[in-house]
Structure formats: C-alpha cells, structure tokens
$ cat final28.csv   # CSV, C-alpha atoms
chain,number,residue,atom,x,y,z
L,1,MET,CA,17.9,-72.7,-150.5
L,2,ARG,CA,14.2,-71.9,-150.3
L,3,ASN,CA,14.4,-72.1,-146.5
L,4,GLU,CA,17.3,-69.5,-146.5
L,5,GLU,CA,15.3,-67.2,-148.8
L,6,PHE,CA,12.3,-67.6,-146.6
L,7,VAL,CA,14.3,-66.7,-143.5
L,8,LYS,CA,15.9,-63.7,-145.3
L,9,GLY,CA,12.5,-62.5,-146.5
L,10,GLU,CA,11.1,-62.8,-143.0
L,11,ARG,CA,13.9,-60.8,-141.5
L,12,THR,CA,13.4,-58.1,-144.2
L,13,LEU,CA,9.7,-58.0,-143.4
L,14,LYS,CA,10.4,-57.7,-139.7
L,15,SER,CA,12.9,-54.9,-140.3
L,16,ILE,CA,10.4,-53.0,-142.4
L,17,LEU,CA,7.6,-53.4,-139.8
L,18,THR,CA,9.9,-52.4,-137.0
L,19,GLY,CA,11.1,-49.3,-138.8
L,20,GLY,CA,7.6,-48.4,-139.7
L,21,LEU,CA,6.3,-48.8,-136.2
L,22,LYS,CA,9.3,-46.8,-134.9
L,23,LYS,CA,8.5,-44.0,-137.3
L,24,VAL,CA,4.8,-44.1,-136.4
L,25,GLY,CA,5.7,-44.0,-132.7
L,26,GLU,CA,8.0,-41.0,-133.3
L,27,ALA,CA,5.3,-39.2,-135.2
L,28,LEU,CA,2.7,-39.9,-132.5
L,29,CYS,CA,5.2,-38.6,-129.9
L,30,VAL,CA,5.7,-35.3,-131.9
L,31,LEU,CA,2.0,-35.0,-132.4
L,32,SER,CA,1.3,-35.5,-128.7
L,33,HIS,CA,3.9,-32.8,-127.8
L,34,SER,CA,2.2,-30.4,-130.2
L,35,LEU,CA,-1.2,-31.4,-128.9
L,36,CYS,CA,-0.2,-30.8,-125.3
L,37,THR,CA,1.1,-27.4,-126.1
L,38,ARG,CA,-2.1,-26.5,-127.9
L,39,ILE,CA,-4.2,-27.8,-125.0
L,40,GLY,CA,-2.4,-25.4,-122.7
L,41,TYR,CA,-3.2,-22.5,-125.0
L,42,ILE,CA,-6.8,-23.6,-125.5
L,43,PHE,CA,-7.2,-24.0,-121.7
L,44,PHE,CA,-6.0,-20.4,-121.0
L,45,LEU,CA,-8.1,-19.0,-123.9
L,46,PHE,CA,-11.2,-20.9,-122.7
L,47,PHE,CA,-10.7,-19.3,-119.3
L,48,LEU,CA,-10.5,-15.8,-120.7
L,49,LEU,CA,-13.7,-16.4,-122.8
L,50,SER,CA,-15.5,-17.7,-119.7
L,51,LEU,CA,-15.6,-14.2,-118.3
L,52,SER,CA,-17.3,-12.8,-121.4
L,53,SER,CA,-20.8,-14.1,-120.5
L,54,CYS,CA,-21.9,-13.5,-116.9
L,55,HIS,CA,-25.6,-12.8,-116.9
L,56,TYR,CA,-28.7,-14.9,-116.6
L,57,PRO,CA,-31.1,-14.8,-119.5
L,58,ARG,CA,-34.3,-12.9,-118.5
L,59,ILE,CA,-37.9,-13.7,-119.3
L,60,ALA,CA,-39.9,-11.0,-120.9
L,61,LEU,CA,-41.9,-9.5,-118.1
L,62,ASP,CA,-44.5,-8.0,-120.5
L,63,SER,CA,-45.5,-11.5,-121.7
L,64,GLU,CA,-49.2,-12.1,-121.6
L,65,GLU,CA,-48.7,-15.6,-120.2
L,66,LEU,CA,-47.5,-14.2,-116.9
L,67,THR,CA,-49.9,-13.2,-114.1
L,68,GLY,CA,-49.4,-10.0,-112.1
L,69,ARG,CA,-48.1,-11.9,-109.2
L,70,GLN,CA,-45.6,-13.9,-111.3
L,71,ARG,CA,-44.5,-10.7,-113.0
L,72,ASP,CA,-43.8,-9.0,-109.7
L,73,SER,CA,-42.0,-12.1,-108.3
L,74,LEU,CA,-39.7,-12.3,-111.4
L,75,ALA,CA,-39.0,-8.6,-111.2
L,76,CYS,CA,-37.9,-9.1,-107.6
L,77,LEU,CA,-35.8,-12.1,-108.6
L,78,TYR,CA,-33.9,-10.1,-111.2
L,79,LYS,CA,-33.4,-7.1,-109.0
L,80,TYR,CA,-32.6,-8.8,-105.6
L,81,ASN,CA,-31.6,-12.3,-106.7
L,82,TYR,CA,-34.3,-13.9,-104.6
L,83,ALA,CA,-38.1,-13.6,-104.8
L,84,TRP,CA,-41.3,-13.9,-102.7
L,85,ASN,CA,-41.7,-17.2,-100.8
L,86,THR,CA,-37.9,-17.8,-100.7
L,87,ASN,CA,-37.1,-20.0,-97.7
L,88,LEU,CA,-34.3,-18.9,-95.4
L,89,GLU,CA,-32.7,-20.2,-92.2
L,90,LEU,CA,-31.2,-18.0,-89.4
L,91,ARG,CA,-27.5,-18.8,-89.0
L,92,THR,CA,-26.7,-16.3,-86.2
L,93,ASP,CA,-27.5,-16.8,-82.5
L,94,SER,CA,-30.5,-14.5,-82.4
L,95,LEU,CA,-32.2,-11.7,-84.4
L,96,GLU,CA,-34.9,-9.2,-83.9
L,97,LEU,CA,-37.6,-8.3,-86.5
L,98,ALA,CA,-39.2,-4.9,-86.4
L,99,CYS,CA,-43.0,-5.0,-86.2
L,100,LEU,CA,-43.6,-1.9,-88.4
L,101,PRO,CA,-45.4,0.5,-88.4
L,102,VAL,CA,-45.4,0.0,-84.6
L,103,LYS,CA,-42.3,1.6,-83.1
L,104,ASP,CA,-40.1,-0.2,-80.6
L,105,SER,CA,-41.9,-3.5,-81.1
L,106,TYR,CA,-39.8,-6.5,-82.1
L,107,LYS,CA,-40.1,-10.3,-82.6
L,108,THR,CA,-37.1,-12.4,-81.7
L,109,LEU,CA,-35.8,-15.3,-83.8
L,110,HIS,CA,-33.2,-17.9,-82.7
L,111,LYS,CA,-30.6,-19.8,-84.6
L,112,GLY,CA,-32.1,-22.5,-86.8
L,113,ASP,CA,-35.5,-20.7,-87.2
L,114,ARG,CA,-36.8,-20.8,-90.7
L,115,VAL,CA,-38.6,-17.9,-92.4
L,116,VAL,CA,-40.1,-17.0,-95.7
L,117,VAL,CA,-39.9,-13.8,-97.7
L,118,ALA,CA,-43.3,-12.3,-97.5
L,119,GLU,CA,-43.0,-8.7,-98.8
L,120,PHE,CA,-40.6,-5.9,-99.9
L,121,ALA,CA,-40.7,-2.2,-99.1
L,122,ILE,CA,-38.6,0.8,-100.1
L,123,HIS,CA,-37.6,3.4,-97.5
L,124,PRO,CA,-35.7,6.2,-99.3
L,125,ALA,CA,-35.0,8.0,-96.1
L,126,ASP,CA,-33.0,5.1,-94.7
L,127,SER,CA,-29.3,6.0,-95.2
L,128,VAL,CA,-28.1,2.4,-94.3
L,129,ASP,CA,-30.3,0.3,-96.7
L,130,SER,CA,-33.4,1.5,-98.4
L,131,VAL,CA,-34.6,-2.0,-99.1
L,132,TRP,CA,-36.6,-3.7,-96.3
L,133,VAL,CA,-37.8,-7.2,-96.3
L,134,LYS,CA,-40.7,-8.7,-94.4
L,135,LEU,CA,-40.0,-12.2,-93.0
L,136,ALA,CA,-42.6,-14.6,-91.7
L,137,HIS,CA,-41.7,-17.4,-89.3
L,138,THR,CA,-45.3,-18.1,-88.1
L,139,GLN,CA,-48.6,-16.2,-88.3
L,140,GLU,CA,-47.7,-14.6,-85.0
L,141,VAL,CA,-43.9,-14.1,-85.5
L,142,GLN,CA,-43.4,-11.7,-88.5
L,143,GLY,CA,-41.4,-8.6,-89.0
L,144,TRP,CA,-39.2,-6.3,-91.1
L,145,LEU,CA,-35.5,-6.3,-91.6
L,146,ARG,CA,-33.0,-4.5,-93.8
L,147,GLN,CA,-32.0,-6.5,-96.8
L,148,SER,CA,-28.3,-6.1,-96.0
L,149,ASP,CA,-28.8,-7.5,-92.5
L,150,MET,CA,-30.9,-10.3,-93.8
L,151,LYS,CA,-28.2,-11.4,-96.3
L,152,ARG,CA,-25.6,-11.5,-93.5
L,153,ALA,CA,-27.8,-13.4,-91.0
L,154,PHE,CA,-29.8,-15.8,-93.1
L,155,ALA,CA,-28.9,-18.6,-95.6
L,156,PRO,CA,-31.2,-20.3,-98.1
L,157,THR,CA,-32.6,-23.6,-97.0
L,158,ASP,CA,-31.6,-25.4,-100.2
L,159,SER,CA,-29.0,-28.1,-99.6
L,160,ILE,CA,-26.6,-26.7,-102.1
L,161,SER,CA,-26.8,-23.2,-100.7
L,162,GLN,CA,-26.3,-24.7,-97.2
L,163,ALA,CA,-23.2,-26.5,-98.4
L,164,ILE,CA,-21.8,-23.3,-99.9
L,165,TYR,CA,-22.5,-21.4,-96.7
L,166,LEU,CA,-20.9,-24.1,-94.5
L,167,PHE,CA,-17.8,-24.4,-96.7
L,168,SER,CA,-17.3,-20.6,-97.0
L,169,ASP,CA,-17.8,-20.2,-93.2
L,170,THR,CA,-15.5,-23.1,-92.0
L,171,HIS,CA,-13.0,-23.9,-94.8
L,172,ALA,CA,-10.1,-22.5,-92.8
L,173,SER,CA,-10.7,-24.9,-89.9
L,174,TYR,CA,-11.0,-27.8,-92.4
L,175,PHE,CA,-7.6,-26.9,-93.8
L,176,VAL,CA,-6.0,-26.8,-90.4
L,177,ILE,CA,-7.5,-30.2,-89.5
L,178,VAL,CA,-6.5,-31.9,-92.7
L,179,PHE,CA,-3.0,-30.4,-92.7
L,180,ALA,CA,-2.5,-31.4,-89.0
L,181,LEU,CA,-3.5,-35.0,-89.9
L,182,PHE,CA,-1.1,-35.0,-92.8
L,183,VAL,CA,1.8,-33.7,-90.7
L,184,ALA,CA,1.0,-36.2,-87.9
L,185,VAL,CA,1.0,-39.2,-90.3
L,186,TRP,CA,4.1,-37.9,-92.1
L,187,LEU,CA,6.0,-37.7,-88.9
L,188,PHE,CA,4.9,-41.1,-87.9
L,189,ARG,CA,5.9,-42.7,-91.2
L,190,ALA,CA,9.2,-40.7,-91.2
L,191,PHE,CA,9.9,-42.0,-87.7
L,192,ARG,CA,9.4,-45.6,-89.0
L,193,LYS,CA,11.7,-44.7,-91.9
L,194,LYS,CA,9.2,-45.5,-94.6
L,195,GLN,CA,9.2,-43.8,-98.0
L,196,LEU,CA,6.5,-41.2,-98.5
L,197,LYS,CA,4.9,-40.2,-101.8
L,198,LEU,CA,4.0,-36.6,-102.4
L,199,VAL,CA,2.2,-34.8,-105.3
L,200,TYR,CA,4.6,-33.7,-108.1
L,201,PHE,CA,7.9,-34.1,-106.1
L,202,ASP,CA,7.8,-37.8,-105.4
L,203,ASP,CA,4.6,-38.7,-107.2
L,204,ILE,CA,3.0,-41.9,-108.2
L,205,ASP,CA,3.0,-43.0,-111.8
L,206,SER,CA,0.0,-40.9,-112.8
L,207,VAL,CA,-0.8,-37.4,-113.9
L,208,TYR,CA,-4.2,-37.4,-112.3
L,209,PRO,CA,-3.1,-36.0,-108.8
L,210,LEU,CA,-1.5,-33.0,-110.4
L,211,LEU,CA,-4.6,-32.6,-112.7
L,212,LEU,CA,-6.7,-32.7,-109.5
L,213,CYS,CA,-4.7,-29.8,-108.0
L,214,LEU,CA,-5.0,-27.9,-111.3
L,215,LEU,CA,-8.7,-28.3,-111.4
L,216,MET,CA,-8.9,-27.0,-107.8
L,217,ALA,CA,-6.8,-24.0,-108.7
L,218,PHE,CA,-8.9,-23.3,-111.8
L,219,SER,CA,-12.2,-23.6,-109.8
L,220,ALA,CA,-10.9,-21.3,-107.1
L,221,THR,CA,-9.8,-18.7,-109.8
L,222,ILE,CA,-13.2,-18.8,-111.5
L,223,TYR,CA,-14.9,-18.5,-108.1
L,224,GLU,CA,-12.9,-15.5,-107.0
L,225,SER,CA,-13.2,-13.9,-110.5
L,226,MET,CA,-17.0,-14.0,-110.1
L,227,GLN,CA,-16.7,-12.5,-106.6
L,228,VAL,CA,-14.5,-9.6,-107.9
L,229,PHE,CA,-16.1,-8.9,-111.3
L,230,VAL,CA,-19.7,-10.2,-111.3
L,231,PRO,CA,-20.7,-10.7,-107.6
L,232,ALA,CA,-24.4,-10.5,-108.6
L,233,THR,CA,-24.1,-13.6,-110.7
L,234,TRP,CA,-22.7,-15.6,-107.8
L,235,GLU,CA,-25.3,-14.2,-105.5
L,236,HIS,CA,-28.1,-15.2,-107.9
L,237,PHE,CA,-26.6,-18.7,-108.0
L,238,TYR,CA,-26.3,-18.8,-104.2
L,239,TYR,CA,-30.1,-18.1,-103.8
L,240,ASN,CA,-31.0,-20.2,-106.8
L,241,PRO,CA,-28.5,-23.1,-106.9
L,242,THR,CA,-28.2,-25.9,-109.5
L,243,LEU,CA,-25.8,-28.7,-110.2
L,244,SER,CA,-26.5,-28.6,-113.9
L,245,PRO,CA,-23.9,-26.6,-116.0
L,246,PHE,CA,-26.6,-25.9,-118.6
L,247,LYS,CA,-29.0,-22.9,-118.8
L,248,VAL,CA,-26.7,-20.8,-116.6
L,249,PRO,CA,-24.3,-18.0,-117.5
L,250,PHE,CA,-21.2,-19.3,-119.3
L,251,VAL,CA,-18.8,-18.4,-116.4
L,252,LEU,CA,-21.0,-20.4,-114.1
L,253,SER,CA,-21.2,-23.3,-116.6
L,254,VAL,CA,-17.4,-23.4,-116.7
L,255,PHE,CA,-17.3,-23.4,-112.9
L,256,LEU,CA,-19.8,-26.2,-112.5
L,257,THR,CA,-18.1,-28.2,-115.2
L,258,SER,CA,-14.8,-27.9,-113.4
L,259,ILE,CA,-16.4,-29.2,-110.2
L,260,TRP,CA,-17.8,-32.2,-112.0
L,261,LEU,CA,-14.4,-32.8,-113.6
L,262,PHE,CA,-12.8,-32.6,-110.2
L,263,LEU,CA,-15.0,-35.4,-108.9
L,264,ILE,CA,-14.4,-37.6,-112.0
L,265,VAL,CA,-10.6,-37.1,-111.7
L,266,LEU,CA,-10.8,-37.8,-108.0
L,267,LEU,CA,-12.2,-41.3,-108.8
L,268,ALA,CA,-9.3,-41.8,-111.3
L,269,VAL,CA,-6.8,-40.8,-108.6
L,270,LEU,CA,-8.3,-43.3,-106.1
L,271,ASP,CA,-8.2,-46.0,-108.7
L,272,ASP,CA,-4.5,-45.4,-109.6
L,273,LEU,CA,-3.5,-44.8,-106.0
L,274,PHE,CA,-4.8,-48.0,-104.5
L,275,ARG,CA,-3.3,-50.0,-107.4
L,276,GLN,CA,0.2,-48.6,-106.9
L,277,LEU,CA,0.5,-48.2,-103.1
L,278,SER,CA,-0.3,-50.1,-100.0
L,279,PRO,CA,-3.5,-49.0,-98.1
L,280,ALA,CA,-1.4,-47.2,-95.4
L,281,ALA,CA,0.7,-45.4,-97.9
L,282,ALA,CA,-2.4,-44.5,-100.0
L,283,VAL,CA,-4.1,-42.9,-97.0
L,284,CYS,CA,-1.0,-40.9,-96.2
L,285,TYR,CA,-0.8,-39.8,-99.9
L,286,LEU,CA,-4.5,-38.8,-99.8
L,287,LEU,CA,-3.9,-36.6,-96.8
L,288,GLY,CA,-1.0,-34.9,-98.6
L,289,LEU,CA,-3.1,-34.5,-101.7
L,290,ALA,CA,-6.0,-33.0,-99.8
L,291,SER,CA,-3.5,-30.5,-98.2
L,292,CYS,CA,-2.2,-29.6,-101.6
L,293,CYS,CA,-5.7,-29.1,-103.0
L,294,ILE,CA,-6.7,-26.9,-100.1
L,295,PHE,CA,-3.5,-24.9,-100.3
L,296,CYS,CA,-4.2,-24.4,-104.0
L,297,TYR,CA,-7.7,-23.2,-103.1
L,298,PHE,CA,-6.4,-20.6,-100.6
L,299,PHE,CA,-3.5,-19.5,-102.7
L,300,PHE,CA,-5.5,-18.9,-105.9
L,301,ILE,CA,-8.3,-17.2,-103.9
L,302,LEU,CA,-5.9,-14.7,-102.4
L,303,THR,CA,-3.8,-14.1,-105.6
L,304,THR,CA,-6.8,-13.8,-107.9
L,305,HIS,CA,-8.1,-11.1,-105.6
L,306,ILE,CA,-5.0,-9.0,-106.4
L,307,TYR,CA,-5.1,-10.1,-110.1
L,308,VAL,CA,-1.8,-12.0,-110.1
L,309,GLY,CA,-3.6,-15.4,-109.8
L,310,TYR,CA,-4.1,-15.6,-113.5
L,311,LEU,CA,-0.4,-15.5,-114.1
L,312,PHE,CA,0.2,-18.3,-111.5
L,313,LEU,CA,-2.6,-20.3,-113.1
L,314,ALA,CA,-0.9,-20.0,-116.5
L,315,VAL,CA,2.3,-21.2,-114.9
L,316,PHE,CA,0.5,-24.1,-113.3
L,317,VAL,CA,-1.0,-25.1,-116.7
L,318,TRP,CA,2.5,-25.0,-118.2
L,319,ILE,CA,3.8,-27.2,-115.4
L,320,PHE,CA,1.0,-29.7,-116.0
L,321,VAL,CA,1.4,-29.7,-119.8
L,322,ARG,CA,5.1,-30.4,-119.3
L,323,ARG,CA,4.4,-33.2,-116.9
L,324,LEU,CA,1.9,-34.6,-119.3
L,325,ARG,CA,4.4,-34.6,-122.2
L,326,LEU,CA,6.9,-36.5,-120.1
L,327,SER,CA,4.3,-39.0,-119.1
L,328,LEU,CA,3.3,-39.5,-122.7
L,329,ARG,CA,6.9,-39.9,-123.7
L,330,ALA,CA,7.4,-42.4,-120.9
L,331,ASP,CA,4.5,-44.5,-122.3
L,332,ARG,CA,6.5,-45.2,-125.5
L,333,TYR,CA,8.2,-48.3,-124.0
L,334,ARG,CA,7.3,-50.9,-121.4
L,335,CYS,CA,9.6,-53.3,-119.7
L,336,GLY,CA,9.3,-56.9,-121.1
L,337,ASN,CA,9.9,-58.3,-117.6
L,338,CYS,CA,7.7,-56.2,-115.2
L,339,GLY,CA,5.7,-54.1,-117.6
L,340,GLY,CA,6.9,-50.8,-116.1
L,341,LYS,CA,7.0,-47.6,-118.2
L,342,MET,CA,10.3,-46.6,-119.8
L,343,MET,CA,11.4,-43.5,-121.5
L,344,HIS,CA,14.2,-45.2,-123.4
L,345,LYS,CA,15.3,-48.7,-124.2
L,346,GLY,CA,17.9,-50.3,-121.9
L,347,VAL,CA,17.9,-51.0,-118.2
L,348,CYS,CA,14.4,-50.9,-116.6
L,349,PRO,CA,14.4,-48.4,-113.7
L,350,HIS,CA,11.8,-50.5,-111.9
L,351,CYS,CA,13.2,-54.1,-112.0
L,352,GLY,CA,16.7,-53.7,-113.6
L,353,ALA,CA,16.0,-55.9,-116.6
L,354,VAL,CA,17.7,-55.1,-119.9
L,355,ASN,CA,15.4,-54.2,-122.8
L,356,GLU,CA,16.8,-54.0,-126.3
$ encode --input "final28.csv" --output "structure tokens"
Amino acid sequence: MRNEEFVKGERTLKSILTGGLKKVGEALCVLSHSLCTRIGYIFFLFFLLSLSSCHYPRIALDSEELTGRQRDSLACLYKYNYAWNTNLELRTDSLELACLPVKDSYKTLHKGDRVVVAEFAIHPADSVDSVWVKLAHTQEVQGWLRQSDMKRAFAPTDSISQAIYLFSDTHASYFVIVFALFVAVWLFRAFRKKQLKLVYFDDIDSVYPLLLCLLMAFSATIYESMQVFVPATWEHFYYNPTLSPFKVPFVLSVFLTSIWLFLIVLLAVLDDLFRQLSPAAAVCYLLGLASCCIFCYFFFILTTHIYVGYLFLAVFVWIFVRRLRLSLRADRYRCGNCGGKMMHKGVCPHCGAVNE
C-alpha cells in the first residue's frame, strides 16, 4: 500500500516538474522572441545614433604646455588631417617635384620612394589647389607639390593605412578571384554529385555565417556613410590610423567595433563549420561564404551611396532576427538518439528516431 502511494506521489511530482519545465520553456521562448525583435530595433537605432558624432576631439591650441612648433603642427593636423614629418610612400610609377622658386626645375621620384612632409605653403593665385606641400626624399631630392596631387599619388607608410589603400585599390580583383574559385569548386562538386552547403539557402546548423554577412554589410554601410557625409573624418583616420575603438569619433568607434566583431564571429564560423562538415565541403562552403561577404560589401557600398542601402540593411537585420528566432525555437528540443536540434517532439529530422 505504501509502495503504491509512493509510486503515485512520484508520478505526481514528475508531472508537476514536467509541467513547470514546459511552462518555463514556453516563457523563455516568448521572451527570446521579444528580445530578438528588440535587438533588431536597438541595432537600427544604434546605427542612426552612430552618425551623430563624427569629429575628433581637439586639443586647445592656446595651451601654455605646447611649444610653437607643436602648436603649428597640431593646427596643420586639424586642417589638413596630416602634419609635419608625416611619412608617405609613392604609389604611382613616377612623379616630379617642383624645385620652387626656380622655374622649370624638377626632381623625379619613382614608385616605392618614401618622403616626409617638410613644409606647407599657400598660393592664393593657384586656381587648381592653393595648398602646396614640400616633400623631402633626401637632402638633395626635395620639392613642392599640390596637396591634391600628393593625396592621389602617395599613401601613408603606416601598415594599417597601407592595408586600407591596397584593399580599396584592388578589392574588385579579389572578388573576381574568390568568386571564380567558388564557381570552379561548385562545378567540380556538382559534377561529382555531392551536396553543397550555401549561406542561408542550404546553411549549416548555425546562425554565425549569416551574422558574418550582416556584419560585413553593416561595416560597408558605415564606411560609405562616412565617405558621403563626413569624408574628413575618414581621411583623418586614413592618415592617423588606429585599431582601438576608443578615443575616436563615435562613428569610427562603431566601424572599428564591427570589424573586431567580424573577426570574432569568423572564428565562431570556422569552429562550427569544421565540426559539421568534412574538410572538402568546409573549404567549398568557405569560398561561398567569402563570395557572399564580398557581394554584401559591394552591394551595400553602391546602394548606400544612393541612400537606399539603409533600407536594405534594415531588411537584412529583419531577416537575421527572423532566422535567429527560428534557431532559438529549434533549440527547445534535442533528439534523445543523436542529439540533433528539433523544433517539435516527434520524428527526428536527422536520424528518424521517435521522441515523445
């Protein structure tokens, strides 16, 4: 009799615990859905606020702690985004420096030659560019050049600036190479009749690849927004680069943070990818993912330039939030046989086992 009462009480306790856990799971699911929606709104609002602060803080030039040379150098930095003693490298094949005030006297520089900014001069009568810069390669090779010509022909010697220049100058060829590799591997695997995974359409069991594409789209939108609305801020960053998202204008802080997040999410993608796919399929997927990221970069650069990129970015955020909600919902159940994710109880879509 006592044994029957004990069994009955145990069943009652199990039913109470099961019902309680089920209610908690449903509550967490509703909370996650609401949270995902709010994340989308916060993400878009955060993007709009990122454009509200776009200027570098300035040091008071009348400070008694500054010397005359430092004061003049800072004044040039704020006005032209670079200062005296800035190191530059010639990126064109050759260039001639005018040996002013001697007329028709020039010094020739060749690609790869490095110079330093030595002096500034203002020529109001020059209708092309009134600002002239004196560049020094050696004691013997020095001369003057218009600032506009200097900015087109030279790049800062800092490694970050060099990377920015290289990517902006050759990103189209990189896209063609990566896309061609992806198409070649895709055709090869299709010829051998093997299943191919692709971001969003036939994706792996992870939201990180889609998040990676979203971060690329967001970074491209921020980058092009700076080019359109605050080009001086990007130019200042180009001549004075940093990888730290601190002590820079808020819009630059958001941009640098998105780059760091892109790298972190990329590591998460690699971890999920090589756990779920074979090495050959993982390499093919990575080529497709790289093509998608580069396509997002080009697409949002071009559409942001005509102001419709923000609408596409909002749609992209909505797609990601929707995908995230489905992923969170699928995490409610796991198959007791293979451990795969299931949205509902019943037949497991991975191994066919029945889960009640």
$ closest_residue --input "final28.csv" --among "L:Ala220, L:Ala125, L:Leu100, L:Ala232" --to "Ser168 (chain L)" --atoms "all atoms listed in the file"
L:Ala220
$ residues_around --input "final28.csv" --residues "Ala353 (chain L)" --least-positions-apart "6" --cutoff "8 Å" --atoms "all atoms listed in the file" --output "CSV table (one decimal) with C-alpha atoms, in the frame of the given file"
chain,number,residue,atom,x,y,z
L,335,CYS,CA,9.6,-53.3,-119.7
L,337,ASN,CA,9.9,-58.3,-117.6
L,346,GLY,CA,17.9,-50.3,-121.9
L,347,VAL,CA,17.9,-51.0,-118.2
$ atom_distance --input "final28.csv" --atom1 "CA of Glu235 (chain L)" --atom2 "CA of Val317 (chain L)"
28.9 Å
$ closest_residue --input "final28.csv" --among "L:Asn87, L:His110, L:Leu215, L:Ala98" --to "Ala155 (chain L)" --atoms "all atoms listed in the file"
L:Asn87
$ residues_around --input "final28.csv" --residues "His137 (chain L)" --least-positions-apart "2" --cutoff "7 Å" --atoms "all atoms listed in the file" --output "NGL selection string"
:L and (114-116 or 135 or 141-142)
$ residues_around --input "final28.csv" --residues "region 89-94 of chain L" --least-positions-apart "3" --cutoff "12 Å" --atoms "only C-alpha atoms" --output "number ranges by chain"
L: 86, 97, 107-117, 135-137, 149-159, 161-162, 165-166, 169
$ atom_distance --input "final28.csv" --atom1 "CA of Pro249 (chain L)" --atom2 "CA of Leu302 (chain L)"
24.0 Å
$ closest_residue --input "final28.csv" --among "L:Glu119, L:Glu96, L:Asp205, L:Glu224" --to "Thr303 (chain L)" --atoms "all atoms listed in the file"
L:Glu224
$ atom_distance --input "final28.csv" --atom1 "CA of Phe316 (chain L)" --atom2 "CA of Tyr285 (chain L)"
20.7 Å
$ closest_residue --input "final28.csv" --among "L:Ile160, L:His305, L:Tyr310, L:Pro279" --to "Ser244 (chain L)" --atoms "all atoms listed in the file"
L:Ile160
$ closest_residue --input "final28.csv" --among "L:Leu263, L:Arg325, L:Pro241, L:Cys284" --to "Ala163 (chain L)" --atoms "all atoms listed in the file"
L:Pro241
$ closest_residue --input "final28.csv" --among "L:Gly288, L:Thr221, L:Phe298, L:Trp84" --to "Phe255 (chain L)" --atoms "all atoms listed in the file"
L:Thr221
$ residues_around --input "final28.csv" --residues "Thr304 (chain L)" --least-positions-apart "2" --cutoff "12 Å" --atoms "all atoms listed in the file" --output "list in words"
Ala217, Phe218, Ser219, Ala220, Thr221, Ile222, Tyr223, Glu224, Ser225, Met226, Gln227, Val228, Phe229, Cys296, Tyr297, Phe298, Phe299, Phe300, Ile301, Leu302, Ile306, Tyr307, Val308, Gly309, Tyr310, Leu311, Phe312 and Leu313 of chain L
$ build_atoms --input "final28.csv" --residues "region 82-96 of chain L" --atoms "N, CA, C and O atoms" --output "PDB file, in the coordinates of the input"
ATOM      1  N   TYR L  82     -33.397 -12.941-105.256  1.00  0.00           N
ATOM      2  CA  TYR L  82     -34.300 -13.900-104.600  1.00  0.00           C
ATOM      3  C   TYR L  82     -35.730 -13.264-104.749  1.00  0.00           C
ATOM      4  O   TYR L  82     -35.879 -12.098-105.138  1.00  0.00           O
ATOM      5  N   ALA L  83     -36.742 -14.031-104.478  1.00  0.00           N
ATOM      6  CA  ALA L  83     -38.100 -13.600-104.800  1.00  0.00           C
ATOM      7  C   ALA L  83     -39.004 -13.873-103.551  1.00  0.00           C
ATOM      8  O   ALA L  83     -38.548 -14.353-102.498  1.00  0.00           O
ATOM      9  N   TRP L  84     -40.283 -13.560-103.703  1.00  0.00           N
ATOM     10  CA  TRP L  84     -41.300 -13.900-102.700  1.00  0.00           C
ATOM     11  C   TRP L  84     -41.265 -15.425-102.452  1.00  0.00           C
ATOM     12  O   TRP L  84     -41.025 -16.199-103.365  1.00  0.00           O
ATOM     13  N   ASN L  85     -41.559 -15.804-101.226  1.00  0.00           N
ATOM     14  CA  ASN L  85     -41.700 -17.200-100.800  1.00  0.00           C
ATOM     15  C   ASN L  85     -40.302 -17.923-100.794  1.00  0.00           C
ATOM     16  O   ASN L  85     -40.257 -19.163-100.742  1.00  0.00           O
ATOM     17  N   THR L  86     -39.214 -17.165-100.839  1.00  0.00           N
ATOM     18  CA  THR L  86     -37.900 -17.800-100.700  1.00  0.00           C
ATOM     19  C   THR L  86     -37.705 -18.200 -99.238  1.00  0.00           C
ATOM     20  O   THR L  86     -37.922 -17.407 -98.314  1.00  0.00           O
ATOM     21  N   ASN L  87     -37.316 -19.436 -99.012  1.00  0.00           N
ATOM     22  CA  ASN L  87     -37.100 -20.000 -97.700  1.00  0.00           C
ATOM     23  C   ASN L  87     -35.706 -19.730 -97.183  1.00  0.00           C
ATOM     24  O   ASN L  87     -34.739 -20.035 -97.897  1.00  0.00           O
ATOM     25  N   LEU L  88     -35.597 -19.192 -95.971  1.00  0.00           N
ATOM     26  CA  LEU L  88     -34.300 -18.900 -95.400  1.00  0.00           C
ATOM     27  C   LEU L  88     -34.198 -19.448 -93.983  1.00  0.00           C
ATOM     28  O   LEU L  88     -35.213 -19.685 -93.325  1.00  0.00           O
ATOM     29  N   GLU L  89     -32.946 -19.644 -93.544  1.00  0.00           N
ATOM     30  CA  GLU L  89     -32.700 -20.200 -92.200  1.00  0.00           C
ATOM     31  C   GLU L  89     -31.720 -19.252 -91.481  1.00  0.00           C
ATOM     32  O   GLU L  89     -30.691 -18.849 -92.041  1.00  0.00           O
ATOM     33  N   LEU L  90     -32.020 -18.920 -90.221  1.00  0.00           N
ATOM     34  CA  LEU L  90     -31.200 -18.000 -89.400  1.00  0.00           C
ATOM     35  C   LEU L  90     -29.901 -18.754 -89.015  1.00  0.00           C
ATOM     36  O   LEU L  90     -29.951 -19.850 -88.452  1.00  0.00           O
ATOM     37  N   ARG L  91     -28.740 -18.134 -89.277  1.00  0.00           N
ATOM     38  CA  ARG L  91     -27.500 -18.800 -89.000  1.00  0.00           C
ATOM     39  C   ARG L  91     -26.780 -18.100 -87.758  1.00  0.00           C
ATOM     40  O   ARG L  91     -25.814 -18.641 -87.236  1.00  0.00           O
ATOM     41  N   THR L  92     -27.240 -16.938 -87.338  1.00  0.00           N
ATOM     42  CA  THR L  92     -26.700 -16.300 -86.200  1.00  0.00           C
ATOM     43  C   THR L  92     -27.428 -16.749 -84.902  1.00  0.00           C
ATOM     44  O   THR L  92     -28.464 -17.416 -84.997  1.00  0.00           O
ATOM     45  N   ASP L  93     -26.944 -16.362 -83.735  1.00  0.00           N
ATOM     46  CA  ASP L  93     -27.500 -16.800 -82.500  1.00  0.00           C
ATOM     47  C   ASP L  93     -28.963 -16.326 -82.301  1.00  0.00           C
ATOM     48  O   ASP L  93     -29.853 -17.077 -81.896  1.00  0.00           O
ATOM     49  N   SER L  94     -29.202 -15.059 -82.576  1.00  0.00           N
ATOM     50  CA  SER L  94     -30.500 -14.500 -82.400  1.00  0.00           C
ATOM     51  C   SER L  94     -30.667 -13.250 -83.305  1.00  0.00           C
ATOM     52  O   SER L  94     -29.662 -12.668 -83.724  1.00  0.00           O
ATOM     53  N   LEU L  95     -31.901 -12.852 -83.552  1.00  0.00           N
ATOM     54  CA  LEU L  95     -32.200 -11.700 -84.400  1.00  0.00           C
ATOM     55  C   LEU L  95     -33.541 -11.131 -84.063  1.00  0.00           C
ATOM     56  O   LEU L  95     -34.462 -11.877 -83.720  1.00  0.00           O
ATOM     57  N   GLU L  96     -33.668  -9.813 -84.169  1.00  0.00           N
ATOM     58  CA  GLU L  96     -34.900  -9.200 -83.900  1.00  0.00           C
ATOM     59  C   GLU L  96     -35.539  -8.605 -85.168  1.00  0.00           C
ATOM     60  O   GLU L  96     -34.852  -7.955 -85.961  1.00  0.00           O
TER      61      GLU L  96
END
